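Reproduced below: my_file_31.txt, with compact mmCIF, N, CA and C atoms.
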```
# COMPACT_ATOMS: atom_id res chain seq x y z
N THR A 1472 6.29 -8.02 2.19
CA THR A 1472 6.21 -7.51 3.54
C THR A 1472 5.07 -6.51 3.65
N TYR A 1473 4.59 -6.38 4.85
CA TYR A 1473 3.52 -5.43 5.12
C TYR A 1473 3.80 -4.79 6.46
N ALA A 1474 3.61 -3.52 6.55
CA ALA A 1474 3.70 -2.81 7.83
C ALA A 1474 2.60 -1.77 7.84
N GLY A 1475 1.97 -1.63 8.97
CA GLY A 1475 0.92 -0.64 9.04
C GLY A 1475 0.27 -0.60 10.40
N LEU A 1476 -0.64 0.31 10.55
CA LEU A 1476 -1.38 0.44 11.79
C LEU A 1476 -2.65 -0.39 11.70
N ARG A 1477 -2.97 -1.06 12.79
CA ARG A 1477 -4.20 -1.82 12.84
C ARG A 1477 -4.63 -1.89 14.29
N PRO A 1478 -5.89 -2.16 14.52
CA PRO A 1478 -6.34 -2.26 15.91
C PRO A 1478 -5.74 -3.50 16.58
N GLY A 1479 -5.68 -3.45 17.90
CA GLY A 1479 -5.22 -4.61 18.65
C GLY A 1479 -6.16 -5.78 18.44
N THR A 1480 -5.72 -6.95 18.83
CA THR A 1480 -6.54 -8.14 18.66
C THR A 1480 -7.76 -8.07 19.55
N ASP A 1481 -8.87 -8.59 19.06
CA ASP A 1481 -10.11 -8.58 19.84
C ASP A 1481 -10.33 -9.89 20.57
N ALA A 1482 -10.34 -10.99 19.85
CA ALA A 1482 -10.70 -12.27 20.44
C ALA A 1482 -9.51 -13.10 20.91
N SER A 1483 -8.33 -12.77 20.44
CA SER A 1483 -7.16 -13.56 20.81
C SER A 1483 -6.24 -12.74 21.71
N PRO A 1484 -5.30 -13.41 22.37
CA PRO A 1484 -4.41 -12.69 23.27
C PRO A 1484 -3.50 -11.70 22.53
N ASP A 1485 -2.98 -10.74 23.29
CA ASP A 1485 -2.03 -9.79 22.72
C ASP A 1485 -0.73 -10.50 22.36
N TYR A 1486 0.13 -9.78 21.71
CA TYR A 1486 1.46 -10.24 21.34
C TYR A 1486 1.40 -11.53 20.49
N GLN A 1487 0.91 -11.38 19.29
CA GLN A 1487 0.91 -12.47 18.32
C GLN A 1487 2.23 -12.41 17.56
N ILE A 1488 3.23 -13.16 18.04
CA ILE A 1488 4.55 -13.15 17.43
C ILE A 1488 4.92 -14.58 17.10
N GLY A 1489 5.25 -14.82 15.84
CA GLY A 1489 5.60 -16.18 15.48
C GLY A 1489 6.14 -16.31 14.07
N LEU A 1490 6.68 -17.48 13.80
CA LEU A 1490 7.23 -17.83 12.50
C LEU A 1490 6.44 -19.00 11.95
N SER A 1491 6.03 -18.90 10.70
CA SER A 1491 5.36 -20.03 10.05
C SER A 1491 5.93 -20.17 8.65
N MET A 1492 5.85 -21.38 8.15
CA MET A 1492 6.28 -21.65 6.77
C MET A 1492 5.02 -21.81 5.94
N ASN A 1493 4.80 -20.91 5.00
CA ASN A 1493 3.60 -20.92 4.17
C ASN A 1493 3.95 -21.31 2.75
N LYS A 1494 2.99 -21.93 2.08
CA LYS A 1494 3.18 -22.27 0.67
C LYS A 1494 2.88 -21.06 -0.19
N THR A 1495 3.75 -20.81 -1.15
CA THR A 1495 3.55 -19.72 -2.10
C THR A 1495 2.66 -20.24 -3.23
N PRO A 1496 2.16 -19.34 -4.10
CA PRO A 1496 1.38 -19.79 -5.26
C PRO A 1496 2.15 -20.77 -6.15
N CYS A 1497 3.48 -20.72 -6.11
CA CYS A 1497 4.30 -21.64 -6.91
C CYS A 1497 4.48 -22.99 -6.23
N GLY A 1498 3.96 -23.12 -5.02
CA GLY A 1498 4.09 -24.39 -4.30
C GLY A 1498 5.32 -24.47 -3.41
N GLU A 1499 6.14 -23.44 -3.39
CA GLU A 1499 7.32 -23.45 -2.53
C GLU A 1499 6.92 -23.04 -1.11
N ARG A 1500 7.76 -23.44 -0.18
CA ARG A 1500 7.53 -23.02 1.21
C ARG A 1500 8.36 -21.76 1.49
N ALA A 1501 7.71 -20.77 2.06
CA ALA A 1501 8.39 -19.50 2.35
C ALA A 1501 8.10 -19.11 3.80
N PRO A 1502 9.10 -18.58 4.49
CA PRO A 1502 8.88 -18.17 5.87
C PRO A 1502 8.05 -16.90 5.96
N TRP A 1503 7.23 -16.82 6.98
CA TRP A 1503 6.42 -15.64 7.25
C TRP A 1503 6.51 -15.35 8.75
N ILE A 1504 6.93 -14.16 9.08
CA ILE A 1504 7.02 -13.76 10.49
C ILE A 1504 5.89 -12.79 10.78
N THR A 1505 5.10 -13.12 11.79
CA THR A 1505 3.99 -12.27 12.21
C THR A 1505 4.36 -11.58 13.51
N VAL A 1506 4.18 -10.28 13.54
CA VAL A 1506 4.35 -9.49 14.77
C VAL A 1506 3.11 -8.60 14.83
N GLY A 1507 2.16 -9.00 15.65
CA GLY A 1507 0.91 -8.26 15.71
C GLY A 1507 0.31 -8.29 17.10
N GLY A 1508 -0.76 -7.56 17.27
CA GLY A 1508 -1.43 -7.51 18.56
C GLY A 1508 -0.63 -6.79 19.63
N ILE A 1509 0.32 -5.95 19.21
CA ILE A 1509 1.17 -5.24 20.16
C ILE A 1509 0.45 -3.96 20.58
N ARG A 1510 0.28 -3.81 21.86
CA ARG A 1510 -0.41 -2.62 22.38
C ARG A 1510 0.60 -1.71 23.07
N SER A 1511 0.14 -0.87 23.95
CA SER A 1511 1.02 0.14 24.55
C SER A 1511 2.18 -0.46 25.33
N THR A 1512 2.01 -1.65 25.90
CA THR A 1512 3.12 -2.28 26.62
C THR A 1512 4.25 -2.67 25.67
N GLY A 1513 3.98 -2.68 24.39
CA GLY A 1513 5.00 -3.01 23.41
C GLY A 1513 6.14 -2.01 23.37
N LEU A 1514 5.88 -0.78 23.81
CA LEU A 1514 6.97 0.20 23.86
C LEU A 1514 8.01 -0.24 24.88
N THR A 1515 7.55 -0.65 26.05
CA THR A 1515 8.47 -1.12 27.08
C THR A 1515 9.13 -2.41 26.64
N ALA A 1516 8.40 -3.26 25.97
CA ALA A 1516 8.91 -4.56 25.56
C ALA A 1516 9.61 -4.54 24.21
N SER A 1517 9.77 -3.37 23.60
CA SER A 1517 10.25 -3.32 22.21
C SER A 1517 11.62 -3.93 22.01
N LEU A 1518 12.54 -3.75 22.95
CA LEU A 1518 13.87 -4.35 22.76
C LEU A 1518 13.80 -5.86 22.85
N GLY A 1519 13.01 -6.38 23.76
CA GLY A 1519 12.83 -7.83 23.86
C GLY A 1519 12.13 -8.40 22.64
N ILE A 1520 11.11 -7.68 22.15
CA ILE A 1520 10.40 -8.10 20.94
C ILE A 1520 11.37 -8.12 19.76
N ALA A 1521 12.17 -7.08 19.63
CA ALA A 1521 13.14 -7.01 18.52
C ALA A 1521 14.15 -8.15 18.59
N SER A 1522 14.63 -8.46 19.79
CA SER A 1522 15.57 -9.56 19.95
C SER A 1522 14.92 -10.88 19.55
N HIS A 1523 13.68 -11.08 19.98
CA HIS A 1523 12.96 -12.31 19.65
C HIS A 1523 12.73 -12.41 18.14
N VAL A 1524 12.33 -11.31 17.51
CA VAL A 1524 12.09 -11.31 16.06
C VAL A 1524 13.39 -11.53 15.30
N ALA A 1525 14.50 -11.00 15.79
CA ALA A 1525 15.80 -11.25 15.15
C ALA A 1525 16.11 -12.74 15.17
N GLY A 1526 15.81 -13.40 16.29
CA GLY A 1526 16.00 -14.85 16.37
C GLY A 1526 15.09 -15.58 15.39
N LEU A 1527 13.85 -15.10 15.24
CA LEU A 1527 12.94 -15.71 14.27
C LEU A 1527 13.45 -15.51 12.84
N CYS A 1528 14.04 -14.35 12.56
CA CYS A 1528 14.61 -14.11 11.23
C CYS A 1528 15.75 -15.09 10.94
N ASN A 1529 16.59 -15.32 11.93
CA ASN A 1529 17.66 -16.30 11.77
C ASN A 1529 17.09 -17.69 11.49
N GLU A 1530 16.06 -18.05 12.26
CA GLU A 1530 15.43 -19.36 12.06
C GLU A 1530 14.80 -19.44 10.68
N ALA A 1531 14.16 -18.35 10.21
CA ALA A 1531 13.56 -18.33 8.87
C ALA A 1531 14.63 -18.51 7.80
N LEU A 1532 15.77 -17.84 7.98
CA LEU A 1532 16.87 -18.01 7.02
C LEU A 1532 17.37 -19.45 7.01
N ARG A 1533 17.51 -20.03 8.18
CA ARG A 1533 17.98 -21.41 8.28
C ARG A 1533 16.99 -22.37 7.60
N LEU A 1534 15.69 -22.19 7.86
CA LEU A 1534 14.68 -23.07 7.28
C LEU A 1534 14.57 -22.94 5.77
N SER A 1535 14.89 -21.76 5.24
CA SER A 1535 14.79 -21.57 3.80
C SER A 1535 16.12 -21.79 3.08
N GLY A 1536 17.12 -22.31 3.81
CA GLY A 1536 18.38 -22.66 3.18
C GLY A 1536 19.41 -21.55 3.18
N GLY A 1537 19.12 -20.45 3.82
CA GLY A 1537 20.06 -19.35 3.89
C GLY A 1537 20.99 -19.50 5.07
N VAL A 1538 21.88 -18.55 5.20
CA VAL A 1538 22.84 -18.54 6.31
C VAL A 1538 22.35 -17.53 7.34
N PRO A 1539 22.16 -17.96 8.58
CA PRO A 1539 21.72 -17.01 9.61
C PRO A 1539 22.70 -15.85 9.74
N VAL A 1540 22.15 -14.66 9.95
CA VAL A 1540 22.95 -13.45 10.05
C VAL A 1540 23.60 -13.32 11.42
N LEU A 1541 22.85 -13.61 12.45
CA LEU A 1541 23.37 -13.51 13.81
C LEU A 1541 23.84 -14.87 14.28
N ALA A 1542 25.11 -14.98 14.63
CA ALA A 1542 25.62 -16.25 15.14
C ALA A 1542 25.00 -16.56 16.49
N GLU A 1543 24.86 -15.55 17.31
CA GLU A 1543 24.20 -15.70 18.60
C GLU A 1543 23.62 -14.35 18.97
N ARG A 1544 22.66 -14.39 19.85
CA ARG A 1544 22.06 -13.13 20.28
C ARG A 1544 23.03 -12.38 21.18
N PRO A 1545 23.17 -11.09 20.95
CA PRO A 1545 24.06 -10.31 21.82
C PRO A 1545 23.46 -10.22 23.22
N PRO A 1546 24.30 -10.07 24.23
CA PRO A 1546 23.77 -9.96 25.58
C PRO A 1546 23.00 -8.65 25.77
N ILE A 1547 22.02 -8.69 26.63
CA ILE A 1547 21.25 -7.50 26.97
C ILE A 1547 21.69 -7.05 28.35
N TYR A 1548 22.14 -5.82 28.45
CA TYR A 1548 22.61 -5.29 29.72
C TYR A 1548 21.53 -4.41 30.32
N THR A 1549 21.29 -4.58 31.59
CA THR A 1549 20.31 -3.76 32.29
C THR A 1549 20.94 -3.18 33.55
N THR A 1550 20.36 -2.13 34.03
CA THR A 1550 20.79 -1.55 35.30
C THR A 1550 19.82 -2.03 36.36
N PRO A 1551 20.31 -2.82 37.30
CA PRO A 1551 19.38 -3.34 38.32
C PRO A 1551 18.92 -2.23 39.26
N LEU A 1552 17.66 -2.31 39.62
CA LEU A 1552 17.13 -1.38 40.61
C LEU A 1552 17.41 -1.91 42.01
N PRO A 1553 17.52 -1.02 42.98
CA PRO A 1553 17.68 -1.49 44.35
C PRO A 1553 16.38 -2.15 44.82
N PRO A 1554 16.41 -2.86 45.93
CA PRO A 1554 15.18 -3.47 46.45
C PRO A 1554 14.11 -2.41 46.72
N VAL A 1555 12.85 -2.81 46.63
CA VAL A 1555 11.74 -1.89 46.87
C VAL A 1555 11.88 -1.22 48.23
N GLU A 1556 12.34 -1.98 49.21
CA GLU A 1556 12.49 -1.43 50.56
C GLU A 1556 13.41 -0.21 50.56
N ALA A 1557 14.50 -0.25 49.77
CA ALA A 1557 15.44 0.86 49.70
C ALA A 1557 14.80 2.06 49.01
N ILE A 1558 14.00 1.82 47.98
CA ILE A 1558 13.32 2.92 47.29
C ILE A 1558 12.30 3.56 48.23
N VAL A 1559 11.56 2.73 48.97
CA VAL A 1559 10.57 3.24 49.93
C VAL A 1559 11.28 4.04 51.02
N ALA A 1560 12.44 3.56 51.50
CA ALA A 1560 13.19 4.29 52.52
C ALA A 1560 13.59 5.67 51.99
N SER A 1561 14.03 5.75 50.73
CA SER A 1561 14.39 7.04 50.15
C SER A 1561 13.16 7.95 50.08
N TYR A 1562 12.02 7.39 49.67
CA TYR A 1562 10.77 8.16 49.59
C TYR A 1562 10.41 8.71 50.96
N HIS A 1563 10.54 7.88 51.99
CA HIS A 1563 10.19 8.29 53.36
C HIS A 1563 11.18 9.34 53.89
N GLU A 1564 12.47 9.11 53.69
CA GLU A 1564 13.50 10.02 54.21
C GLU A 1564 13.45 11.39 53.55
N ARG A 1565 13.20 11.42 52.24
CA ARG A 1565 13.19 12.70 51.54
C ARG A 1565 11.96 13.52 51.90
N GLY A 1566 10.82 12.86 52.05
CA GLY A 1566 9.61 13.54 52.50
C GLY A 1566 9.02 14.55 51.54
N ASP A 1567 9.50 14.61 50.31
CA ASP A 1567 8.97 15.59 49.35
C ASP A 1567 8.31 14.92 48.14
N GLY A 1568 8.05 13.61 48.25
CA GLY A 1568 7.41 12.90 47.14
C GLY A 1568 8.38 12.43 46.08
N SER A 1569 9.66 12.44 46.40
CA SER A 1569 10.66 12.00 45.42
C SER A 1569 11.50 10.87 46.00
N VAL A 1570 12.24 10.21 45.12
CA VAL A 1570 13.16 9.15 45.52
C VAL A 1570 14.48 9.38 44.79
N VAL A 1571 15.55 8.91 45.39
CA VAL A 1571 16.84 8.86 44.73
C VAL A 1571 17.18 7.38 44.65
N ILE A 1572 17.47 6.92 43.44
CA ILE A 1572 17.72 5.50 43.20
C ILE A 1572 19.17 5.17 43.52
N GLY A 1573 19.37 4.26 44.45
CA GLY A 1573 20.71 3.80 44.80
C GLY A 1573 21.57 4.92 45.35
N ASP A 1574 22.87 4.84 45.08
CA ASP A 1574 23.78 5.87 45.58
C ASP A 1574 23.91 7.04 44.60
N ASP A 1575 23.17 7.02 43.51
CA ASP A 1575 23.14 8.09 42.52
C ASP A 1575 24.52 8.46 42.00
N THR A 1576 25.34 7.44 41.71
CA THR A 1576 26.68 7.69 41.18
C THR A 1576 26.63 8.34 39.79
N MET A 1577 25.54 8.14 39.09
CA MET A 1577 25.40 8.76 37.76
C MET A 1577 24.85 10.18 37.85
N GLU A 1578 24.53 10.62 39.06
CA GLU A 1578 24.03 11.96 39.32
C GLU A 1578 22.77 12.30 38.53
N PHE A 1579 21.82 11.33 38.53
CA PHE A 1579 20.52 11.59 37.90
C PHE A 1579 19.63 12.44 38.80
N GLY A 1580 19.93 12.46 40.09
CA GLY A 1580 19.14 13.27 41.01
C GLY A 1580 17.86 12.58 41.43
N ALA A 1581 16.99 13.38 42.01
CA ALA A 1581 15.73 12.86 42.53
C ALA A 1581 14.74 12.61 41.39
N HIS A 1582 13.92 11.59 41.58
CA HIS A 1582 12.84 11.27 40.65
C HIS A 1582 11.53 11.45 41.41
N TYR A 1583 10.65 12.26 40.90
CA TYR A 1583 9.38 12.49 41.59
C TYR A 1583 8.41 11.36 41.26
N VAL A 1584 7.78 10.85 42.29
CA VAL A 1584 6.80 9.78 42.15
C VAL A 1584 5.47 10.45 41.83
N THR A 1585 4.99 10.27 40.61
CA THR A 1585 3.81 10.99 40.16
C THR A 1585 2.54 10.14 40.13
N HIS A 1586 2.68 8.84 40.04
CA HIS A 1586 1.48 8.01 39.94
C HIS A 1586 0.84 7.87 41.32
N PRO A 1587 -0.46 8.18 41.43
CA PRO A 1587 -1.13 8.14 42.74
C PRO A 1587 -1.07 6.79 43.44
N LEU A 1588 -1.19 5.71 42.68
CA LEU A 1588 -1.15 4.38 43.32
C LEU A 1588 0.24 4.05 43.84
N THR A 1589 1.27 4.48 43.11
CA THR A 1589 2.64 4.26 43.57
C THR A 1589 2.90 5.08 44.82
N ARG A 1590 2.47 6.34 44.83
CA ARG A 1590 2.63 7.17 46.02
C ARG A 1590 1.93 6.55 47.22
N ALA A 1591 0.70 6.08 47.02
CA ALA A 1591 -0.06 5.47 48.12
C ALA A 1591 0.64 4.21 48.61
N GLY A 1592 1.14 3.41 47.69
CA GLY A 1592 1.85 2.18 48.06
C GLY A 1592 3.13 2.48 48.82
N PHE A 1593 3.89 3.47 48.35
CA PHE A 1593 5.12 3.84 49.05
C PHE A 1593 4.81 4.37 50.44
N ALA A 1594 3.76 5.19 50.56
CA ALA A 1594 3.39 5.73 51.88
C ALA A 1594 3.00 4.60 52.83
N ARG A 1595 2.21 3.64 52.32
CA ARG A 1595 1.79 2.51 53.17
C ARG A 1595 2.99 1.67 53.57
N LEU A 1596 3.89 1.38 52.63
CA LEU A 1596 5.08 0.59 52.95
C LEU A 1596 6.01 1.34 53.90
N ALA A 1597 6.09 2.67 53.76
CA ALA A 1597 6.93 3.46 54.66
C ALA A 1597 6.43 3.36 56.09
N ILE A 1598 5.11 3.36 56.27
CA ILE A 1598 4.54 3.21 57.62
C ILE A 1598 4.87 1.84 58.17
N THR A 1599 4.77 0.82 57.32
CA THR A 1599 5.09 -0.55 57.75
C THR A 1599 6.56 -0.67 58.12
N GLN A 1600 7.44 -0.06 57.34
CA GLN A 1600 8.89 -0.17 57.57
C GLN A 1600 9.40 0.74 58.67
N HIS A 1601 8.84 1.95 58.76
CA HIS A 1601 9.42 2.96 59.64
C HIS A 1601 8.51 3.39 60.78
N GLY A 1602 7.30 2.87 60.79
CA GLY A 1602 6.37 3.19 61.88
C GLY A 1602 5.69 4.48 61.80
```
Transcribe the structure of this file into structure tokens.
Amino acid sequence: TYAGLRPGTDASPDYQIGLSMNKTPCGERAPWITVGGIRSTGLTASLGIASHVAGLCNEALRLSGGVPVLAERPPIYTTPLPPVEAIVASYHERGDGSVVIGDDTMEFGAHYVTHPLTRAGFARLAITQHG
């Protein structure tokens, strides 16, 4: 195995993730999993990447005669966001550059919109929605 820091891919697309069966010096076939070319978006995608690589590990075990560790992939639970229109309405109603997501039953409070393009987009959509 190898792990380390390296620059992102130059000539090929990002996210080089795959399983291959390579011949060893002894002539045997051995699985090799490549996970490379991951850039900053990999932080957001890390759980999905990990789930995919776990599936590749199971496949590698199966191909090499081993017993897969995971019988099936566990479900991934997410918290759905409300429609953009509802977020824009909150941005417009609050008038202080913040939004409250949904009914805030978890009491996370207001979230300040800090990215200039998001603020500009919300302001433009608020004018379209609310006049």
Test item: residues at most 12 Å from Gly1536 (chain A), only C-alpha atoms, excluding those fewer than 5 positions along its chain, as a PDB file with N, CA and C atoms, in the frame of the given file:
```
ATOM      1  N   ARG A1500       7.760 -23.440  -0.180  1.00  0.00           N
ATOM      2  CA  ARG A1500       7.530 -23.020   1.210  1.00  0.00           C
ATOM      3  C   ARG A1500       8.360 -21.760   1.490  1.00  0.00           C
ATOM      4  N   ALA A1501       7.710 -20.770   2.060  1.00  0.00           N
ATOM      5  CA  ALA A1501       8.390 -19.500   2.350  1.00  0.00           C
ATOM      6  C   ALA A1501       8.100 -19.110   3.800  1.00  0.00           C
ATOM      7  N   PRO A1502       9.100 -18.580   4.490  1.00  0.00           N
ATOM      8  CA  PRO A1502       8.880 -18.170   5.870  1.00  0.00           C
ATOM      9  C   PRO A1502       8.050 -16.900   5.960  1.00  0.00           C
ATOM     10  N   ASN A1529      16.590 -15.320  11.930  1.00  0.00           N
ATOM     11  CA  ASN A1529      17.660 -16.300  11.770  1.00  0.00           C
ATOM     12  C   ASN A1529      17.090 -17.690  11.490  1.00  0.00           C
ATOM     13  N   GLU A1530      16.060 -18.050  12.260  1.00  0.00           N
ATOM     14  CA  GLU A1530      15.430 -19.360  12.060  1.00  0.00           C
ATOM     15  C   GLU A1530      14.800 -19.440  10.680  1.00  0.00           C
ATOM     16  N   ALA A1531      14.160 -18.350  10.210  1.00  0.00           N
ATOM     17  CA  ALA A1531      13.560 -18.330   8.870  1.00  0.00           C
ATOM     18  C   ALA A1531      14.630 -18.510   7.800  1.00  0.00           C
TER      19      ALA A1531
END
```
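Atom pair atom N of Lys1494 (chain A) / CA of Cys1528 (chain A): separated by 16.7 Å.
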I'd like the neighbourhood of region 1593-1600 of chain A as a list of chain:residue names, where a residue qualifies if any of its atoms comes within 8 Å (using all atoms listed in the file), though same-chain residues fewer than 3 positions away should be ignored. A:Glu1556, A:Ile1558, A:Val1559, A:Ala1560, A:Tyr1562, A:His1563, A:Glu1564, A:Pro1587, A:Leu1588, A:Thr1589, A:Arg1590
Report the residues of chain A whose backbone DSSP state falls under strand (DSSP E or B), written as a PyMOL selection string. chain A and resi 1487-1494+1500-1507+1569-1570+1582-1583
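Across the structure, atom N of Tyr1486 (chain A) and atom N of Gly1508 (chain A) are spaced 5.0 Å apart.
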Ref. answer, residues at most 7 Å from (15.8, 6.3, 45.2) with all atoms listed in the file, as a PyMOL selection string: chain A and resi 1557-1559+1561-1562+1569-1573+1582
Protein, DNA and RNA residues within 10 Å of (4.2, -23.1, 12.5), only C-alpha atoms, as a VMD selection string: chain A and resid 1489 to 1493 1502 to 1504
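Take CA of Gly1526 (chain A) and CA of Ile1488 (chain A): the distance between them is 11.6 Å.
Of the residues listed (A:Asp1574, A:Gln1487, A:Thr1495, A:Leu1534), A:Asp1574 shows the shortest atom-to-atom separation from Pro1553 (chain A); distances use only C-alpha atoms.
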Run DSSP on the backbone and tell me which residues of chain A come out as helix (DSSP H, G or I); list them as a PyMOL selection string. chain A and resi 1512-1515+1517-1534+1555-1565+1587-1601
